[in-house]
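Participant: So that you have it, the file is data_32.cif, and it contains mmCIF, C-alpha atoms (C1' of nucleotides):
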```cif
data_upload
loop_
_atom_site.label_atom_id
_atom_site.label_comp_id
_atom_site.auth_asym_id
_atom_site.auth_seq_id
_atom_site.Cartn_x
_atom_site.Cartn_y
_atom_site.Cartn_z
CA MET A 1 -76.34 -73.63 -135.97
CA LYS A 2 -77.45 -76.80 -134.22
CA ILE A 3 -76.39 -77.66 -130.66
CA ALA A 4 -77.27 -81.11 -129.32
CA SER A 5 -76.86 -83.18 -126.17
CA TRP A 6 -76.81 -86.95 -125.79
CA ASN A 7 -76.17 -89.26 -122.86
CA VAL A 8 -74.64 -92.13 -124.82
CA ASN A 9 -74.20 -94.60 -121.91
CA SER A 10 -70.67 -95.69 -122.95
CA ILE A 11 -68.96 -94.03 -125.91
CA LYS A 12 -67.33 -97.32 -126.93
CA ALA A 13 -70.60 -99.26 -126.97
CA ARG A 14 -72.38 -96.42 -128.80
CA LEU A 15 -69.75 -95.33 -131.35
CA PRO A 16 -71.46 -96.84 -134.43
CA LEU A 17 -74.79 -95.26 -133.49
CA LEU A 18 -73.09 -91.94 -132.67
CA LEU A 19 -71.36 -91.81 -136.06
CA ASP A 20 -74.62 -92.72 -137.81
CA TRP A 21 -76.47 -89.97 -135.95
CA LEU A 22 -73.77 -87.33 -136.61
CA ALA A 23 -74.00 -88.05 -140.34
CA ALA A 24 -77.81 -88.02 -140.33
CA ARG A 25 -78.44 -84.92 -138.18
CA ALA A 26 -75.28 -82.88 -138.74
CA PRO A 27 -75.13 -81.01 -135.41
CA ASP A 28 -72.44 -78.33 -135.13
CA ILE A 29 -71.78 -78.88 -131.42
CA VAL A 30 -72.61 -81.98 -129.37
CA CYS A 31 -72.52 -82.38 -125.60
CA LEU A 32 -71.99 -86.00 -124.59
CA GLN A 33 -72.45 -87.63 -121.18
CA GLU A 34 -71.67 -91.01 -119.59
CA LEU A 35 -68.64 -91.77 -121.74
CA LYS A 36 -67.56 -94.43 -119.21
CA CYS A 37 -63.97 -94.25 -120.41
CA VAL A 38 -60.76 -92.36 -119.80
CA ALA A 39 -59.74 -89.59 -122.19
CA GLU A 40 -56.90 -91.72 -123.63
CA ALA A 41 -59.45 -94.32 -124.74
CA PHE A 42 -61.87 -91.83 -126.32
CA PRO A 43 -62.37 -92.66 -130.04
CA ALA A 44 -61.11 -89.27 -131.19
CA GLU A 45 -59.87 -90.51 -134.59
CA ALA A 46 -63.21 -91.95 -135.72
CA ILE A 47 -64.94 -88.77 -134.58
CA ALA A 48 -62.34 -86.61 -136.33
CA GLU A 49 -63.04 -88.51 -139.56
CA ALA A 50 -66.67 -87.47 -139.13
CA GLY A 51 -65.51 -83.84 -139.01
CA TYR A 52 -65.49 -83.11 -135.27
CA THR A 53 -62.82 -82.22 -132.77
CA ALA A 54 -63.44 -83.41 -129.21
CA ALA A 55 -62.88 -81.87 -125.79
CA VAL A 56 -62.96 -84.73 -123.29
CA LEU A 57 -63.10 -85.07 -119.51
CA GLY A 58 -62.89 -88.82 -119.01
CA GLN A 59 -63.18 -91.22 -116.10
CA LYS A 60 -62.79 -94.97 -115.80
CA THR A 61 -66.07 -96.96 -115.70
CA TYR A 62 -68.38 -94.12 -114.66
CA ASN A 63 -69.41 -90.63 -115.75
CA GLY A 64 -67.29 -88.84 -118.37
CA VAL A 65 -68.35 -85.84 -120.47
CA ALA A 66 -67.25 -84.40 -123.80
CA ILE A 67 -68.06 -81.70 -126.32
CA LEU A 68 -67.73 -82.36 -130.05
CA SER A 69 -67.50 -79.43 -132.44
CA ARG A 70 -67.22 -78.77 -136.16
CA LEU A 71 -66.25 -75.19 -135.24
CA PRO A 72 -63.01 -74.00 -133.64
CA MET A 73 -63.24 -74.25 -129.85
CA ASP A 74 -61.20 -73.74 -126.69
CA VAL A 75 -61.80 -75.54 -123.40
CA THR A 76 -62.68 -73.10 -120.62
CA GLU A 77 -63.46 -75.52 -117.76
CA ARG A 78 -62.66 -79.14 -116.94
CA GLY A 79 -64.79 -79.90 -113.91
CA LEU A 80 -67.37 -77.70 -112.24
CA PRO A 81 -65.86 -74.59 -110.60
CA GLY A 82 -66.60 -74.31 -106.88
CA LEU A 83 -67.50 -77.97 -106.39
CA SER A 84 -65.68 -79.58 -103.46
CA GLY A 85 -66.03 -82.59 -101.21
CA GLU A 86 -67.64 -85.93 -102.09
CA GLY A 87 -67.95 -86.36 -105.86
CA ALA A 88 -65.88 -83.30 -106.76
CA ASP A 89 -63.39 -85.50 -108.64
CA GLU A 90 -66.06 -87.09 -110.85
CA ALA A 91 -66.08 -86.21 -114.56
CA ARG A 92 -69.41 -84.39 -114.82
CA TYR A 93 -68.74 -80.98 -116.37
CA ILE A 94 -66.77 -79.59 -119.29
CA GLU A 95 -67.18 -76.18 -120.93
CA VAL A 96 -65.92 -74.61 -124.15
CA LEU A 97 -66.00 -71.40 -126.14
CA ALA A 98 -66.75 -72.04 -129.81
CA GLU A 99 -66.41 -69.63 -132.72
CA ALA A 100 -69.73 -69.80 -134.54
CA GLY A 101 -69.05 -66.95 -136.94
CA GLY A 102 -71.83 -65.38 -138.96
CA GLY A 103 -74.17 -63.28 -136.88
CA LEU A 104 -73.79 -65.47 -133.82
CA GLY A 105 -70.16 -64.86 -132.86
CA VAL A 106 -68.77 -66.72 -129.88
CA VAL A 107 -70.91 -69.36 -128.18
CA ARG A 108 -70.20 -70.80 -124.72
CA VAL A 109 -71.36 -74.39 -124.21
CA GLY A 110 -71.33 -76.57 -121.08
CA SER A 111 -71.87 -80.34 -121.06
CA ILE A 112 -73.44 -81.48 -117.78
CA TYR A 113 -73.94 -84.89 -116.21
CA LEU A 114 -75.71 -84.19 -112.95
CA PRO A 115 -75.63 -86.88 -110.24
CA ASN A 116 -78.62 -89.23 -110.27
CA GLY A 117 -79.12 -88.86 -106.52
CA ASN A 118 -80.84 -92.16 -105.72
CA PRO A 119 -81.48 -93.34 -103.14
CA ALA A 120 -82.79 -90.19 -101.51
CA PRO A 121 -82.22 -89.16 -98.83
CA GLY A 122 -78.61 -90.25 -98.41
CA PRO A 123 -75.03 -89.46 -99.41
CA LYS A 124 -75.82 -89.82 -103.11
CA TYR A 125 -78.59 -87.26 -102.84
CA ASP A 126 -76.25 -84.96 -100.91
CA LYS A 127 -73.90 -85.16 -103.89
CA LYS A 128 -76.72 -84.11 -106.22
CA ARG A 129 -77.59 -81.21 -103.92
CA ALA A 130 -73.95 -80.03 -103.81
CA PHE A 131 -73.61 -80.23 -107.59
CA PHE A 132 -76.76 -78.14 -108.06
CA ALA A 133 -75.45 -75.51 -105.64
CA ALA A 134 -72.13 -75.20 -107.47
CA LEU A 135 -73.78 -75.29 -110.91
CA THR A 136 -76.24 -72.55 -109.95
CA ALA A 137 -73.41 -70.34 -108.64
CA HIS A 138 -71.34 -70.93 -111.78
CA ALA A 139 -74.34 -70.28 -114.04
CA ARG A 140 -74.96 -66.98 -112.26
CA THR A 141 -71.38 -65.95 -113.00
CA LEU A 142 -71.69 -66.96 -116.64
CA LEU A 143 -75.01 -65.15 -117.13
CA ALA A 144 -73.38 -61.91 -115.98
CA ARG A 145 -71.15 -62.13 -119.09
CA GLU A 146 -74.24 -61.74 -121.31
CA GLU A 147 -72.96 -64.25 -123.86
CA VAL A 148 -74.74 -66.73 -126.10
CA LEU A 149 -74.62 -69.59 -123.59
CA VAL A 150 -76.06 -73.11 -123.71
CA LEU A 151 -75.84 -75.41 -120.68
CA ALA A 152 -76.90 -78.81 -121.98
CA GLY A 153 -76.89 -82.32 -120.63
CA ASP A 154 -78.42 -84.98 -118.46
CA TYR A 155 -79.75 -82.99 -115.50
CA ASN A 156 -81.36 -86.07 -113.95
CA VAL A 157 -84.40 -83.94 -113.09
CA ILE A 158 -87.98 -84.31 -114.31
CA PRO A 159 -89.08 -80.67 -114.25
CA HIS A 160 -92.87 -81.09 -114.26
CA PRO A 161 -95.51 -83.85 -113.93
CA ARG A 162 -96.22 -83.64 -117.66
CA ASP A 163 -92.58 -84.72 -118.23
CA VAL A 164 -93.17 -88.21 -116.78
CA HIS A 165 -95.50 -91.01 -117.92
CA ASP A 166 -96.68 -91.75 -114.38
CA PRO A 167 -95.95 -89.01 -111.83
CA ALA A 168 -97.16 -91.10 -108.89
CA ALA A 169 -94.73 -93.91 -109.71
CA TRP A 170 -91.82 -91.44 -109.56
CA ALA A 171 -92.93 -89.49 -106.50
CA GLU A 172 -90.18 -90.84 -104.22
CA ASP A 173 -87.45 -90.84 -106.88
CA ALA A 174 -84.51 -88.42 -106.63
CA LEU A 175 -85.23 -87.31 -110.21
CA PHE A 176 -88.71 -86.05 -109.29
CA LEU A 177 -88.54 -85.03 -105.62
CA PRO A 178 -89.88 -81.54 -104.92
CA GLU A 179 -86.39 -80.51 -103.78
CA SER A 180 -84.85 -81.67 -107.09
CA ARG A 181 -87.51 -79.89 -109.14
CA ALA A 182 -87.04 -76.75 -107.03
CA ALA A 183 -83.26 -76.85 -107.58
CA PHE A 184 -83.78 -77.14 -111.34
CA ALA A 185 -86.39 -74.37 -111.31
CA GLY A 186 -84.02 -72.19 -109.29
CA LEU A 187 -81.35 -72.62 -111.95
CA VAL A 188 -83.75 -71.93 -114.82
CA ASN A 189 -85.17 -68.91 -113.00
CA LEU A 190 -81.78 -67.21 -113.02
CA GLY A 191 -82.81 -66.33 -116.58
CA PHE A 192 -82.53 -69.48 -118.68
CA THR A 193 -84.95 -70.79 -121.30
CA ASP A 194 -85.67 -74.52 -121.53
CA ALA A 195 -85.31 -74.89 -125.31
CA ILE A 196 -87.60 -77.91 -125.68
CA ARG A 197 -90.33 -76.28 -123.59
CA ALA A 198 -90.01 -73.00 -125.49
CA CYS A 199 -90.75 -74.81 -128.76
CA HIS A 200 -93.20 -77.53 -127.69
CA ALA A 201 -96.20 -77.50 -125.37
CA GLY A 202 -97.94 -80.41 -123.72
CA GLY A 203 -96.85 -83.70 -122.23
CA GLY A 204 -95.36 -86.92 -123.51
CA LEU A 205 -92.02 -85.40 -124.52
CA TYR A 206 -89.49 -87.87 -123.18
CA THR A 207 -85.72 -88.24 -123.54
CA PHE A 208 -85.12 -91.39 -121.45
CA TRP A 209 -86.72 -94.80 -121.29
CA ASP A 210 -85.29 -97.37 -118.88
CA TYR A 211 -83.87 -100.58 -120.34
CA GLN A 212 -85.94 -102.50 -117.79
CA ALA A 213 -89.53 -103.67 -117.68
CA GLY A 214 -90.37 -102.76 -121.27
CA ALA A 215 -90.24 -99.03 -120.62
CA TRP A 216 -89.63 -98.19 -124.31
CA PRO A 217 -92.35 -100.36 -125.92
CA LYS A 218 -94.78 -99.11 -123.27
CA ASN A 219 -93.57 -95.52 -123.72
CA ARG A 220 -92.95 -95.17 -120.00
CA GLY A 221 -90.46 -92.33 -120.41
CA ILE A 222 -89.23 -89.24 -118.64
CA ARG A 223 -87.75 -85.92 -119.80
CA ILE A 224 -84.44 -85.36 -118.02
CA ASP A 225 -82.07 -84.15 -120.78
CA HIS A 226 -82.30 -80.39 -121.17
CA LEU A 227 -80.85 -77.47 -123.12
CA LEU A 228 -80.82 -74.29 -121.03
CA LEU A 229 -80.33 -71.08 -123.02
CA SER A 230 -79.11 -67.71 -121.77
CA PRO A 231 -81.22 -64.70 -122.80
CA ARG A 232 -78.93 -63.92 -125.73
CA ALA A 233 -79.13 -67.55 -126.87
CA ALA A 234 -82.90 -67.66 -126.39
CA ASP A 235 -83.22 -64.57 -128.60
CA ARG A 236 -81.70 -66.63 -131.42
CA LEU A 237 -83.72 -69.82 -130.80
CA THR A 238 -85.32 -71.06 -134.04
CA GLY A 239 -86.18 -74.66 -133.15
CA ALA A 240 -85.69 -77.58 -130.80
CA GLY A 241 -86.42 -81.28 -130.83
CA ILE A 242 -85.93 -84.78 -129.46
CA ASP A 243 -84.55 -87.50 -131.77
CA ARG A 244 -86.89 -90.08 -130.30
CA GLU A 245 -86.47 -92.57 -133.13
CA ARG A 246 -82.94 -93.30 -131.90
CA ARG A 247 -84.36 -95.25 -128.94
CA ALA A 248 -85.82 -97.90 -131.26
CA LEU A 249 -82.49 -98.95 -132.81
CA GLU A 250 -80.47 -102.03 -131.91
CA LYS A 251 -77.88 -101.25 -129.21
CA ALA A 252 -79.63 -97.96 -128.39
CA SER A 253 -78.66 -95.80 -125.43
CA ASP A 254 -81.38 -95.45 -122.81
CA HIS A 255 -81.30 -91.70 -123.60
CA VAL A 256 -81.97 -90.07 -126.99
CA PRO A 257 -80.39 -86.89 -128.43
CA VAL A 258 -81.99 -83.49 -127.77
CA TRP A 259 -81.13 -80.44 -129.85
CA CYS A 260 -81.85 -76.80 -130.59
CA THR A 261 -81.08 -74.49 -133.49
CA LEU A 262 -79.90 -70.90 -133.15
CA GLY A 263 -80.25 -68.42 -136.01
CA PRO A 264 -77.74 -65.71 -136.97
"C1'" DA B 1 -96.19 -110.22 -112.91
"C1'" DT B 2 -91.89 -109.93 -115.27
"C1'" DG B 3 -89.02 -107.95 -118.57
"C1'" DT B 4 -81.85 -104.34 -119.05
"C1'" DC B 5 -77.39 -102.71 -120.09
"C1'" DG B 6 -72.28 -101.66 -119.63
"C1'" DC B 7 -68.24 -101.94 -116.98
"C1'" DG B 8 -64.54 -104.23 -114.60
"C1'" DA B 9 -62.98 -107.73 -111.89
"C1'" DC B 10 -59.67 -113.21 -108.57
"C1'" DC B 11 -61.61 -114.63 -116.50
"C1'" DA B 12 -66.70 -115.72 -116.23
"C1'" DT B 13 -70.24 -114.84 -113.32
"C1'" DC B 14 -71.28 -111.03 -110.20
"C1'" DG B 15 -71.70 -106.36 -107.95
"C1'" DC B 16 -72.36 -101.76 -108.99
"C1'" DG B 17 -74.58 -97.81 -111.02
"C1'" DA B 18 -78.24 -96.28 -113.59
#
```
Could you render the structure from this file as structure tokens?
Facilitator:
Amino acid sequence: MKIASWNVNSIKARLPLLLDWLAARAPDIVCLQELKCVAEAFPAEAIAEAGYTAAVLGQKTYNGVAILSRLPMDVTERGLPGLSGEGADEARYIEVLAEAGGGLGVVRVGSIYLPNGNPAPGPKYDKKRAFFAALTAHARTLLAREEVLVLAGDYNVIPHPRDVHDPAAWAEDALFLPESRAAFAGLVNLGFTDAIRACHAGGGLYTFWDYQAGAWPKNRGIRIDHLLLSPRAADRLTGAGIDRERRALEKASDHVPVWCTLGP
DNA sequence: ATGTCGCGACCATCGCGA
């Protein structure tokens, strides 16, 4: 089965490209981020016609996450458990249990839109820090269940210098600060596998290119969209990739889809 | 050197977030 994640930067603006991509790449489960719309306005009918049911946590103008599935699923969380204070009401986490069948059984999937955190330091970075703390605690709880688990989304963290075109240019950015990278590493080190890294070595693997300053034509990208696999999911990992060609299309999102495949 | 997009709002340019 194929599990993907895509920050679409407005579901309404991206619907034609989303439907085109679903038909072309046929993922079984898709984590979406930055819907920028309320649940009532989510284009559930068009997505149903493509063969997917949708679990949606919406928000007006900002944020918004969803999980699309061709398999039966139940929502297990709307919002990140344990998150309180500033930003706790933002739509940044939704989680489901999906029935994969075959040799895979039940799969738990979380769709994550982690706060950007800029400018750092400041209240926005504090929000990123708090989200990481709650996510790490929740992930620890989930790992104890020993399920096939995939936590996928826009983590807004560049894990390593090889994941950015120009590390020096990003040195002061909240996405690449040592504290941000340490928080991401701390989460991964609970026992997760970074699916893209497990399948591909080397640098130049990017998932985001800014709309500004010709970032795409100059290939000034960063890798911030990640699929984190529990040990039982990692045991089944058969492939992973980045649908980079989607960045070249008219009306493209600034992020491209990332995906992994799990065998039976 | 510069270069963007999407949303929503005092409705048509601007502030915000990214």
Participant: Evaluating the PyMOL selection byres ((chain A) within 12 of (chain B)) on the displayed file yields which residues, as a VMD selection string?
Facilitator: chain A and resid 7 to 14 34 to 37 59 to 63 115 to 119 124 156 175 208 to 218 251 to 255
Participant: Here's the selection I'm unsure about, the PyMOL selection byres ((chain A and resi 52) around 12); applied to the file above, which residues does it give, as a ChimeraX atom specification?
Facilitator: /A:18-19,22-23,26-31,43-51,53-55,66-73
Participant: Mind pulling up the distance from atom CA of Gly153 of chain A to atom CA of His226 of chain A?
Facilitator: 5.8 Å
Participant: Would you mind listing what lies within 10 Å of Thr238 of chain A as a list of chain:residue names, with all atoms listed in the file counted and same-chain residues fewer than 6 positions away left out?
Facilitator: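 Final neighbour list, sorted by chain and number: A:Met1, A:Lys2, A:Ala195, A:Ala198, A:Cys199, A:Cys260, A:Thr261, A:Leu262, A:Gly263, A:Pro264.
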Participant: Keeping only C-alpha atoms, write those residues as a PDB file, in the frame of the given file.
Facilitator:
```pdb
ATOM      1  CA  MET A   1     -76.340 -73.630-135.970  1.00  0.00           C
ATOM      2  CA  LYS A   2     -77.450 -76.800-134.220  1.00  0.00           C
ATOM      3  CA  ALA A 195     -85.310 -74.890-125.310  1.00  0.00           C
ATOM      4  CA  ALA A 198     -90.010 -73.000-125.490  1.00  0.00           C
ATOM      5  CA  CYS A 199     -90.750 -74.810-128.760  1.00  0.00           C
ATOM      6  CA  CYS A 260     -81.850 -76.800-130.590  1.00  0.00           C
ATOM      7  CA  THR A 261     -81.080 -74.490-133.490  1.00  0.00           C
ATOM      8  CA  LEU A 262     -79.900 -70.900-133.150  1.00  0.00           C
ATOM      9  CA  GLY A 263     -80.250 -68.420-136.010  1.00  0.00           C
ATOM     10  CA  PRO A 264     -77.740 -65.710-136.970  1.00  0.00           C
TER      11      PRO A 264
END
```
Participant: Please list as JSON, numbers by chain every residue within 10 Å of segment 182-191 of chain A, counting only C-alpha atoms (C1' of nucleotides) and excluding residues in the same chain fewer than 3 positions away.
Facilitator: {"A": [128, 129, 132, 133, 135, 136, 137, 139, 140, 143, 155, 156, 157, 158, 159, 160, 176, 177, 178, 179, 194, 228, 229, 230, 231, 234]}
Participant: What gap, in Å, lies between atom CA of Arg162 of chain A and atom CA of Ala24 of chain A?
Facilitator: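 Value for the atom CA of Arg162 of chain A-atom CA of Ala24 of chain A distance: 29.5 Å.
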Participant: Calculate how many Å separate atom CA of Leu205 of chain A from atom CA of Thr193 of chain A, rounding to one decimal.
Facilitator: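 Result for atom CA of Leu205 of chain A versus atom CA of Thr193 of chain A: 16.5 Å, one decimal.
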Participant: Measuring atom to atom with all atoms listed in the file, identify which of A:Pro16, A:Pro167, A:Gly204, A:Gly241 is nearest to Asn219 of chain A.
Facilitator: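 Residue with the minimum atom-to-atom distance to Asn219 of chain A: A:Gly204.
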